[in-house]
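Shown next, in structure tokens, is the structure this report addresses.
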Amino acid sequence: MFSQADWKTEFEKSDFKATSTYEETDRFFTRLATTSDAVRYETIGTSPQGREIKVFIVSKEKAFTPEAAKKTGKPVLLVLNGIHSGEIEGKDASMLFLREMLVEGKHQEVFENVILLVIPIFSVDGHERSSAWNRINQNGPTNMGWRTTAQNINLNRDWMKADAPEMRAMLRLFSAWMPDFTIDNHTTDGADYQYTVTYGLERHGNIAPNLAKLSEKVFLPFLIENVESAGWLVAPYVYFKDNNVEKGMLDWASTPRFSGGYTAAQNRISLLVETHMMKPYKDRVFATKSVLEATAKFLVLNGKIIREENNKADNNMKQFVGNGAKWLPIKFSTTETAGSSILFKGIEAVLETSTVSGTEKIVYTGRKFEKEIPVFDNVVASDSIRVPTGYIIPAEYSSLVTILELHGIKVEQLKSPKKFLVERLKFNDFSFAKSPYEGRFRVTSGYDLSKSEEVVPSGSFFVSCDQRTLKVINLLLEPRSEDSFLSWGFFNQIFEMKEYFEDYVMEKVALEMLAANPGLKKEFEEKLASDEKFRNDPDARLSFFYKKSPYFDKNYCVYPILRVVE
């Protein structure tokens, strides 16, 4: 047996100023797993530096597998801590909450009615790159982890592309369990204000309408009432228009590279918790704990409803496939019209001349104010698609299939050749980012589309859109999606020419083409007359003929993935 002192966390031992190391955290959860046979502490993956990524499962029925959990009919709550491991309040809050449940006998209604999946630390290598100097904007803890992984990948930009081994482990867990509700714990950057906790909650067109309604009309009022009753001021995530409080706050639909946008694409609700960086670490931990308690209590009271609404959202994916299907939005934008307002509880700021930067600097006075400001929360679809029957992925791109399957997407490999009516995309006017983002050079491009019947060889992969993961499928495989494989640079090689002509050879071929094709001759002469740059560029003139010759690479700028439209 352990004495009461054995259960004190490093956070408590340090007078609420420090957080535990990876090893101290692991020891605490290992001990906690011995307190009940309703607990299991498992490894879900290994980091690049060899640390285990673990999940702490609490289930009264010992439902430690997704299949067993589903049979209980109880909601599954995923608590994700340390995706940015310098923002680590969630870990300490989870330790306190679980100790109270399993050692002190509190929160029994949660123990009885909710299955918990708690990730103590997600970015384990980043957590151990610990220093007092890691986050310049943040008020403690005395030691904090780093924002990214050991490979310098930001995990909260990696939900779709899954470059990091940590994220691949997380997606295996997520797609297997398909949690009914997720909490993703963070700390803000940004302005100073009175609130201790801010939140992000998807409620626009990127999430199923029934889940948006449940989030906004039922869950959110419950959360705010309970957390503010515990003594913590709550507000939506604070992001000012033009960085000016007077102009109001901006809302948006999260893209699926982030946790909130990703779970929305998976037809699930995720609460983004962002405690205010300038508040004492003690306050941030206990405020996070209040959010966790309130959310768990909500699931106790509404677990059956949440599961029903999640299933409804899954089943409603059928509205985007088949005859008369609706268009699927894949991009969103916030309009210039404010849809609501908020009585904002801020901290007064003044502008002073800076001798350092040579411009005006913001100085917060500490004086509190309240002011009604607009909220720009009219978010509309800015791009939508007609969902195809499915997609064909060539055998040589099987690495993409691995990622699709991590997302819980069903993929069929063709055992024999098969004819499909398909759309093929050929890209044009493409441009690459000038610098890397998350280790990749992103690309944007227009395209031309052609339709034909093609015999697809055996070994190719068919991805049907008639499945619950329809949104994720299209967000990954539609080139216009901002989180598609194409946008993330998985196909950058198709924009490279690999064969070239010698000028003296092309000169001969061009003359033969001119002699054989009067229409081509006319087109060439008209271009010479109308385009001075072309007229004065010998290489462009020869390339004109090369690109129209049978020697030119027919796969250049052609999307290897086919849309199946029959």
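Chain labels A, B, ... are given in the sequence in which chains occur in the structure tokens; within each chain residues are numbered consecutively from 1, and ligands are likewise numbered from 1 in the order shown.
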Taking a cut-off of 6 Å and counting only C-alpha atoms, can you build a table that, for each residue of segment 481-563 of chain A near segment 436-444 of chain A, reports the nearest atom pair and how far apart they are in Å (one decimal), sorted by chain then residue number, as a Markdown table?
| residue | atom | partner | partner_atom | distance |
| --- | --- | --- | --- | --- |
| A:Ser487 | CA | A:Val443 | CA | 5.1 |
| A:Trp488 | CA | A:Arg442 | CA | 5.0 |
| A:Gly489 | CA | A:Arg442 | CA | 5.1 |
Okay, now the selection with C-alpha atoms, as a PDB file, in the first residue's frame?
ATOM      1  CA  SER A 487      -1.498  20.190 -51.148  1.00  0.00           C
ATOM      2  CA  TRP A 488       0.897  18.732 -48.586  1.00  0.00           C
ATOM      3  CA  GLY A 489       3.454  17.883 -51.281  1.00  0.00           C
TER       4      GLY A 489
END
Could I get the residues of segment 75-122 of chain A with an atom no further than 10 Å from an atom of segment 168-175 of chain A, each paired with its nearest atom pair and that distance in Å to one decimal, using only C-alpha atoms, sorted by chain and residue number, as a tab-separated table?
residue	atom	partner	partner_atom	distance
A:Leu78	CA	A:Phe174	CA	8.7
A:Leu80	CA	A:Met170	CA	9.8
A:Leu117	CA	A:Leu173	CA	9.8
A:Ile119	CA	A:Met170	CA	9.5
A:Phe122	CA	A:Met170	CA	8.4
Report the distance between atom CA of Glu499 of chain A and atom CA of Leu511 of chain A in Å, rounded to one decimal place. 20.6 Å
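Of the listed residues A:Val565, A:Val472, A:Leu116, A:Ala164, the one whose atoms come nearest to Lys419 of chain A is A:Val565, with distances taken using only C-alpha atoms.
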When you look at Thr334 of chain A with a cut-off of 9 Å (counting only C-alpha atoms), what residues show up, excluding the ones that are within fewer than 5 positions of it in the same chain? I need them as an MDAnalysis selection string. chainID A and resid 250:253 376:381
Using backbone DSSP assignments, extract all helix (DSSP H, G or I) residues from segment 459-523 of chain A; output them as a ChimeraX atom specification. /A:470-477,492-495,503-516,518-523
Residues as selected, C-alpha atoms, written as an mmCIF file, in the first residue's frame, can you do that?
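Wrote it out as out-v5.cif, contents follow:
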data_model
loop_
_atom_site.group_PDB
_atom_site.id
_atom_site.type_symbol
_atom_site.label_atom_id
_atom_site.label_comp_id
_atom_site.auth_asym_id
_atom_site.auth_seq_id
_atom_site.Cartn_x
_atom_site.Cartn_y
_atom_site.Cartn_z
ATOM 1 C CA LEU A 470 -16.267 10.053 -46.497
ATOM 2 C CA LYS A 471 -15.145 13.505 -45.374
ATOM 3 C CA VAL A 472 -11.633 12.370 -44.519
ATOM 4 C CA ILE A 473 -11.364 10.503 -47.839
ATOM 5 C CA ASN A 474 -12.258 13.559 -49.881
ATOM 6 C CA LEU A 475 -10.196 15.976 -47.794
ATOM 7 C CA LEU A 476 -7.149 13.783 -48.440
ATOM 8 C CA LEU A 477 -7.713 12.885 -52.089
ATOM 9 C CA ASN A 492 5.583 17.139 -55.915
ATOM 10 C CA GLN A 493 7.538 14.809 -58.188
ATOM 11 C CA ILE A 494 4.814 14.823 -60.838
ATOM 12 C CA PHE A 495 5.532 18.521 -61.458
ATOM 13 C CA ASP A 503 17.941 21.510 -79.633
ATOM 14 C CA TYR A 504 19.348 20.128 -82.887
ATOM 15 C CA VAL A 505 17.032 17.115 -82.668
ATOM 16 C CA MET A 506 13.968 19.189 -81.821
ATOM 17 C CA GLU A 507 14.692 21.590 -84.708
ATOM 18 C CA LYS A 508 14.333 18.680 -87.134
ATOM 19 C CA VAL A 509 11.207 17.278 -85.458
ATOM 20 C CA ALA A 510 9.563 20.735 -85.371
ATOM 21 C CA LEU A 511 10.034 21.209 -89.128
ATOM 22 C CA GLU A 512 8.486 17.795 -89.747
ATOM 23 C CA MET A 513 5.515 18.687 -87.531
ATOM 24 C CA LEU A 514 4.998 22.027 -89.305
ATOM 25 C CA ALA A 515 5.012 20.335 -92.690
ATOM 26 C CA ALA A 516 2.586 17.625 -91.636
ATOM 27 C CA PRO A 518 -1.247 23.039 -91.219
ATOM 28 C CA GLY A 519 -3.327 23.741 -88.109
ATOM 29 C CA LEU A 520 -0.255 23.521 -85.909
ATOM 30 C CA LYS A 521 1.629 25.785 -88.324
ATOM 31 C CA LYS A 522 -1.136 28.393 -88.043
ATOM 32 C CA GLU A 523 -1.178 28.161 -84.227
#
Quick check, in Å to one decimal: how far apart do atom CA of Lys282 of chain A and atom CA of Val234 of chain A lie? 16.4 Å
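Shell of Lys326 of chain A at 8 Å, with only C-alpha atoms counted and residues fewer than 6 places along the chain excluded, is Gln319, Phe320 and Arg386 of chain A.
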Among segment 122-191 of chain A, which residues does DSSP mark as strand (DSSP E or B) when it is run on the backbone? Keep the chain and numbering as in the structure and answer as a CSV table (one decimal) with N, CA and C atoms, in the first residue's frame.
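Output saved as states36.csv:
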chain,number,residue,atom,x,y,z
A,131,SER,N,12.9,22.9,-20.4
A,131,SER,CA,13.7,24.1,-20.0
A,131,SER,C,12.8,25.2,-19.4
A,144,MET,N,9.4,23.4,-18.7
A,144,MET,CA,8.3,23.1,-19.6
A,144,MET,C,8.9,22.5,-20.9
A,181,PHE,N,-16.1,11.7,-27.7
A,181,PHE,CA,-15.8,13.1,-27.4
A,181,PHE,C,-14.4,13.2,-27.1
A,182,THR,N,-13.7,14.3,-27.5
A,182,THR,CA,-12.3,14.5,-27.3
A,182,THR,C,-12.0,15.8,-26.6
A,183,ILE,N,-11.1,15.8,-25.7
A,183,ILE,CA,-10.6,17.1,-25.1
A,183,ILE,C,-9.2,17.2,-25.5
A,184,ASP,N,-8.8,18.3,-26.1
A,184,ASP,CA,-7.4,18.5,-26.5
A,184,ASP,C,-6.9,19.7,-25.7
A,185,ASN,N,-6.0,19.5,-24.7
A,185,ASN,CA,-5.6,20.6,-23.8
A,185,ASN,C,-4.3,21.3,-24.2
A,186,HIS,N,-4.4,22.7,-24.2
A,186,HIS,CA,-3.4,23.6,-24.7
A,186,HIS,C,-3.3,24.8,-23.8
A,187,THR,N,-2.3,25.7,-24.1
A,187,THR,CA,-2.1,27.0,-23.5
A,187,THR,C,-2.1,28.0,-24.6
At a cut-off of 7 Å, using only C-alpha atoms, what residues contact Thr149 of chain A? Leave out same-chain residues fewer than 6 positions from it and give the result as a ChimeraX atom specification. /A:123,125-126
Selected residues written out, C-alpha atoms, as an mmCIF file, in the first residue's frame:
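Full text of part.cif as output:
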data_model
loop_
_atom_site.group_PDB
_atom_site.id
_atom_site.type_symbol
_atom_site.label_atom_id
_atom_site.label_comp_id
_atom_site.auth_asym_id
_atom_site.auth_seq_id
_atom_site.Cartn_x
_atom_site.Cartn_y
_atom_site.Cartn_z
ATOM 1 C CA SER A 123 4.651 14.536 -27.646
ATOM 2 C CA ASP A 125 10.248 13.659 -26.864
ATOM 3 C CA GLY A 126 9.227 17.308 -26.934
#
Segment 359-372 of chain A surroundings by only C-alpha atoms, 12 Å radius, close-in-sequence under 4 positions cut, as an mmCIF file with N, CA and C atoms, in the first residue's frame:
data_model
loop_
_atom_site.group_PDB
_atom_site.id
_atom_site.type_symbol
_atom_site.label_atom_id
_atom_site.label_comp_id
_atom_site.auth_asym_id
_atom_site.auth_seq_id
_atom_site.Cartn_x
_atom_site.Cartn_y
_atom_site.Cartn_z
ATOM 1 N N GLY A 190 -0.757 35.026 -27.516
ATOM 2 C CA GLY A 190 -1.661 36.121 -27.829
ATOM 3 C C GLY A 190 -1.799 37.177 -26.757
ATOM 4 N N ALA A 191 -2.964 37.808 -26.716
ATOM 5 C CA ALA A 191 -3.210 39.019 -25.923
ATOM 6 C C ALA A 191 -3.374 38.720 -24.438
ATOM 7 N N ASP A 192 -3.449 39.782 -23.657
ATOM 8 C CA ASP A 192 -3.780 39.682 -22.234
ATOM 9 C C ASP A 192 -5.258 40.003 -22.062
ATOM 10 N N TYR A 193 -5.899 39.295 -21.138
ATOM 11 C CA TYR A 193 -7.315 39.509 -20.840
ATOM 12 C C TYR A 193 -7.618 38.839 -19.515
ATOM 13 N N GLN A 194 -8.876 38.921 -19.082
ATOM 14 C CA GLN A 194 -9.237 38.449 -17.748
ATOM 15 C C GLN A 194 -9.509 36.946 -17.684
ATOM 16 N N TYR A 195 -9.833 36.324 -18.794
ATOM 17 C CA TYR A 195 -10.258 34.927 -18.793
ATOM 18 C C TYR A 195 -9.096 33.983 -18.469
ATOM 19 N N ASN A 243 -5.657 42.147 -35.158
ATOM 20 C CA ASN A 243 -4.928 42.246 -33.887
ATOM 21 C C ASN A 243 -5.384 43.456 -33.055
ATOM 22 N N ASN A 244 -6.662 43.791 -33.185
ATOM 23 C CA ASN A 244 -7.193 44.984 -32.532
ATOM 24 C C ASN A 244 -8.504 44.638 -31.841
ATOM 25 N N VAL A 245 -8.531 44.719 -30.516
ATOM 26 C CA VAL A 245 -9.727 44.359 -29.756
ATOM 27 C C VAL A 245 -10.924 45.196 -30.168
ATOM 28 N N GLU A 246 -10.693 46.450 -30.549
ATOM 29 C CA GLU A 246 -11.793 47.334 -30.933
ATOM 30 C C GLU A 246 -12.515 46.820 -32.182
ATOM 31 N N LYS A 247 -11.805 46.114 -33.045
ATOM 32 C CA LYS A 247 -12.405 45.622 -34.292
ATOM 33 C C LYS A 247 -13.170 44.318 -34.102
ATOM 34 N N GLY A 248 -12.979 43.675 -32.932
ATOM 35 C CA GLY A 248 -13.748 42.479 -32.646
ATOM 36 C C GLY A 248 -12.945 41.196 -32.725
ATOM 37 N N MET A 249 -13.644 40.082 -32.465
ATOM 38 C CA MET A 249 -13.031 38.755 -32.447
ATOM 39 C C MET A 249 -13.412 37.967 -33.683
ATOM 40 N N MET A 278 -0.801 33.856 -19.453
ATOM 41 C CA MET A 278 -0.300 34.811 -18.465
ATOM 42 C C MET A 278 -0.796 34.532 -17.050
ATOM 43 N N SER A 340 -22.524 38.178 -34.293
ATOM 44 C CA SER A 340 -22.917 38.301 -32.890
ATOM 45 C C SER A 340 -21.949 39.250 -32.201
ATOM 46 N N SER A 341 -22.055 39.330 -30.894
ATOM 47 C CA SER A 341 -21.141 40.172 -30.120
ATOM 48 C C SER A 341 -20.868 39.500 -28.782
ATOM 49 N N ILE A 342 -19.878 40.013 -28.074
ATOM 50 C CA ILE A 342 -19.516 39.484 -26.766
ATOM 51 C C ILE A 342 -19.154 40.642 -25.848
ATOM 52 N N LEU A 343 -19.572 40.541 -24.594
ATOM 53 C CA LEU A 343 -19.124 41.506 -23.588
ATOM 54 C C LEU A 343 -17.736 41.056 -23.155
ATOM 55 N N PHE A 344 -16.737 41.622 -23.786
ATOM 56 C CA PHE A 344 -15.379 41.141 -23.607
ATOM 57 C C PHE A 344 -14.760 41.706 -22.333
ATOM 58 N N LYS A 345 -14.175 40.816 -21.543
ATOM 59 C CA LYS A 345 -13.522 41.189 -20.294
ATOM 60 C C LYS A 345 -12.018 41.258 -20.546
ATOM 61 N N GLY A 346 -11.535 42.449 -20.819
ATOM 62 C CA GLY A 346 -10.159 42.607 -21.237
ATOM 63 C C GLY A 346 -9.268 43.265 -20.201
ATOM 64 N N ILE A 347 -8.014 43.427 -20.586
ATOM 65 C CA ILE A 347 -7.025 44.184 -19.821
ATOM 66 C C ILE A 347 -6.603 45.356 -20.697
ATOM 67 N N GLU A 348 -6.691 46.532 -20.146
ATOM 68 C CA GLU A 348 -6.397 47.735 -20.920
ATOM 69 C C GLU A 348 -4.955 47.740 -21.411
ATOM 70 N N ALA A 349 -4.771 48.158 -22.655
ATOM 71 C CA ALA A 349 -3.435 48.273 -23.244
ATOM 72 C C ALA A 349 -3.254 49.678 -23.786
ATOM 73 N N VAL A 350 -2.036 50.161 -23.720
ATOM 74 C CA VAL A 350 -1.696 51.457 -24.305
ATOM 75 C C VAL A 350 -0.519 51.260 -25.249
ATOM 76 N N LEU A 351 -0.367 52.191 -26.181
ATOM 77 C CA LEU A 351 0.748 52.156 -27.110
ATOM 78 C C LEU A 351 1.811 53.146 -26.673
ATOM 79 N N GLU A 352 3.036 52.669 -26.618
ATOM 80 C CA GLU A 352 4.172 53.519 -26.268
ATOM 81 C C GLU A 352 5.244 53.374 -27.335
ATOM 82 N N THR A 353 6.061 54.397 -27.473
ATOM 83 C CA THR A 353 7.157 54.339 -28.443
ATOM 84 C C THR A 353 8.256 53.414 -27.931
ATOM 85 N N SER A 354 8.703 52.519 -28.803
ATOM 86 C CA SER A 354 9.745 51.565 -28.427
ATOM 87 C C SER A 354 11.096 52.017 -28.962
ATOM 88 N N THR A 355 12.070 52.044 -28.074
ATOM 89 C CA THR A 355 13.439 52.346 -28.508
ATOM 90 C C THR A 355 14.113 51.105 -29.093
#
Mind checking which residues fall within 12 Å of Asn323 of chain A, counting only C-alpha atoms, ignoring those fewer than 5 positions away in the same chain, and posting them as a list in words? Lys318, Arg386, Val387, Pro388, Thr389, Val565 and Glu566 of chain A
